[in-house]
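Q: Quick one: the structure is below, and I'll ask about it shortly.
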Amino acid sequence: MNRDPLFAHKLRNNLQTMALVGTLGLLCAYLAWFIGGPLFALGATVGVTLLYALNPAVSPRLVMVLYQARPVACAEAPRIYAVLRELARRAGLTRLPVLYYVPTRLMNAFTSGTREDAAIALSDGLLRRMDLRELAGVLAHEVSHIANGDTRVMALADLVTRITGLLSLAGQLLLLVSLPLWLLTGVSVPWVPLLVLALAPTVSALVQLALSRSREYEADRSAVELSGDPEGLAWALEKLDHDQRGPWERLMLPGQRIPDPSVLRTHPPTAERVRRLLELGARERLPRPVLASAPARARDPFGFLQQHLPLPRWHVSGLWY
């Protein structure tokens, strides 16, 4: 299999990740240096590293409890677990992620945990609207997040962003105290550090969003390698994007939605993701598809929703049950 285009995509995505993580780190170190000098900057860097290394990961089971999710046994969804088992084997995972069912009509899928202890949640709306091939693409995307360690990368970015916000707040309070002294003594005001202190939280948040988009591209690319079926994931993404618009909007204003600013997205534009996926499919000799033949496009591939689970209902509390 010719891996040059896939390797180029992977290299570009990983370089973007390194650059964005480095930007967050430099911003945090600069704020610490401005507030307390070189020694404080070194201490802040060491502190972030220790917090990241020693802080235990949140249990995926706790995350699923917060979403009112329940685990799905292998006997309830043998076909999906067969696909997941093959994807995990191709990704080199030592432990099979546990599937969870989230009782909401919204179409959603997400993962939590690490390579050694992971969970993948699929919503009721997703299971009722997607066929097995599309679900295989979604599962390949989520398994890629686990295999690539994206949960740890984003946890580090979140940690640095929070510390940057605290340093920025401390610096601004310090400036409020020092500014009258500077004005009375006639000392020139350091405008560049002031500007960095004011913009640091916003810049940090934008970098974190850009990092999230970069990891989504890499998860798409890895999913193609795992599933061997870029079209399955592309169809799933298009269906997810279509579902985000309400029925009234789809009827009266098809294609007229005002797009969110690209810099404020946690995920890249669907059209660009689909284009990249289909480009890989057209240029690559991909591995054998995880589904050797496309199954009938029937809903409820889990096969247990109608028998065991009623349609989820919304409660005034905001929870689904």
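Chains: A, B, ... in order of the structure tokens. Residues: from 1 per chain. Ligands: from 1, in order shown.
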Tell me, as a count of residues only, which residues lie within 7 Å of Ser227 (chain A), counting only C-alpha atoms; anything in the same chain fewer than 4 positions away does not count.
A: 6
Q: Give me, as a tab-separated table, the closest atom pair and its distance (Å, one decimal) for every residue of region 98-193 of chain A within a cut-off of 9 Å of region 28-41 of chain A, counting only C-alpha atoms, rows sorted by chain and rising number.
A:
```
residue	atom	partner	partner_atom	distance
A:Val160	CA	A:Cys28	CA	7.0
A:Thr161	CA	A:Cys28	CA	8.0
A:Ile163	CA	A:Cys28	CA	7.3
A:Thr164	CA	A:Cys28	CA	5.2
A:Gly165	CA	A:Cys28	CA	8.8
A:Leu167	CA	A:Leu31	CA	6.4
A:Ser168	CA	A:Leu31	CA	6.8
A:Ala170	CA	A:Ile35	CA	8.1
A:Gly171	CA	A:Ile35	CA	6.0
A:Leu174	CA	A:Ile35	CA	8.2
A:Pro193	CA	A:Phe34	CA	7.3
```
Q: Could those residues be written to a file, using N, CA and C atoms, as a CSV table (one decimal), in the first residue's frame?
A:
```csv
chain,number,residue,atom,x,y,z
A,160,VAL,N,-3.0,23.8,30.7
A,160,VAL,CA,-2.2,25.0,30.4
A,160,VAL,C,-3.1,26.2,30.2
A,161,THR,N,-4.3,26.0,29.5
A,161,THR,CA,-5.2,27.2,29.3
A,161,THR,C,-5.7,27.7,30.7
A,163,ILE,N,-4.2,27.4,33.7
A,163,ILE,CA,-3.1,28.1,34.4
A,163,ILE,C,-2.8,29.4,33.8
A,164,THR,N,-2.8,29.5,32.4
A,164,THR,CA,-2.6,30.8,31.7
A,164,THR,C,-3.6,31.8,32.2
A,165,GLY,N,-4.9,31.4,32.3
A,165,GLY,CA,-5.9,32.3,32.7
A,165,GLY,C,-5.7,32.8,34.2
A,167,LEU,N,-2.7,33.0,35.7
A,167,LEU,CA,-1.5,33.9,35.6
A,167,LEU,C,-1.9,35.2,35.1
A,168,SER,N,-2.8,35.2,34.0
A,168,SER,CA,-3.2,36.5,33.5
A,168,SER,C,-4.0,37.3,34.5
A,170,ALA,N,-3.7,37.1,37.8
A,170,ALA,CA,-2.8,37.6,38.8
A,170,ALA,C,-2.0,38.8,38.3
A,171,GLY,N,-1.6,38.7,37.0
A,171,GLY,CA,-0.8,39.8,36.5
A,171,GLY,C,-1.6,41.1,36.3
A,174,LEU,N,-1.9,42.6,39.7
A,174,LEU,CA,-0.6,43.2,40.0
A,174,LEU,C,-0.4,44.6,39.3
A,193,PRO,N,3.9,43.7,27.4
A,193,PRO,CA,3.4,42.7,28.4
A,193,PRO,C,2.0,43.0,28.8
```
Q: Between A:Tyr217, A:Leu159, A:Leu27, A:Met154, single out the one closest to Arg12 (chain A), counting only C-alpha atoms.
A: A:Tyr217
Q: Fewer than 5 positions away in the same chain doesn't count, so skip those; otherwise give me all residues within 9 Å of Ala205 (chain A), counting only C-alpha atoms, as a list in words.
A: Asp158, Thr161, Ala200 and Ala210 of chain A
Q: Write out as a tab-separated table a residue-level contact list of region 121-204 of chain A versus region 89-95 of chain A with cut-off 8 Å: for each qualifying residue the closest pair of atoms and the distance in Å to one decimal, counting only C-alpha atoms, rows sorted by chain and residue number upward.
A:
```
residue	atom	partner	partner_atom	distance
A:Val143	CA	A:Ala91	CA	7.5
A:Ser144	CA	A:Ala91	CA	7.3
A:Ala147	CA	A:Ala91	CA	6.2
```
Q: Interatomic distance between CA of Asn108 (chain A) and CA of Val63 (chain A)?
A: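 Separation between CA of Asn108 (chain A) and CA of Val63 (chain A): 14.9 Å.
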Q: Taking only C-alpha atoms into account, which of A:Thr266, A:Ala77, A:Gly232, A:Lys239 comes nearest Val207 (chain A)?
A: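 That would be A:Thr266, the residue with the smallest distance to Val207 (chain A).
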Q: Would you please work out which residue, of A:Ala69, A:Asp117, A:Gly125, A:Leu237, is nearest to Tyr100 (chain A) when using only C-alpha atoms?
A: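 The answer is A:Ala69, which sits nearest to Tyr100 (chain A).
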Q: Give the answer as one residue: which of A:Val72, A:Pro180, A:His242, A:Leu286 has the shortest atom-to-atom distance to Ala271 (chain A), using only C-alpha atoms?
A: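 Residue with the minimum atom-to-atom distance to Ala271 (chain A): A:His242.
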Q: Return as a count of residues only the full set of residues in region 110-167 of chain A whose backbone-based DSSP assignment is alpha helix (DSSP H).
A: 40
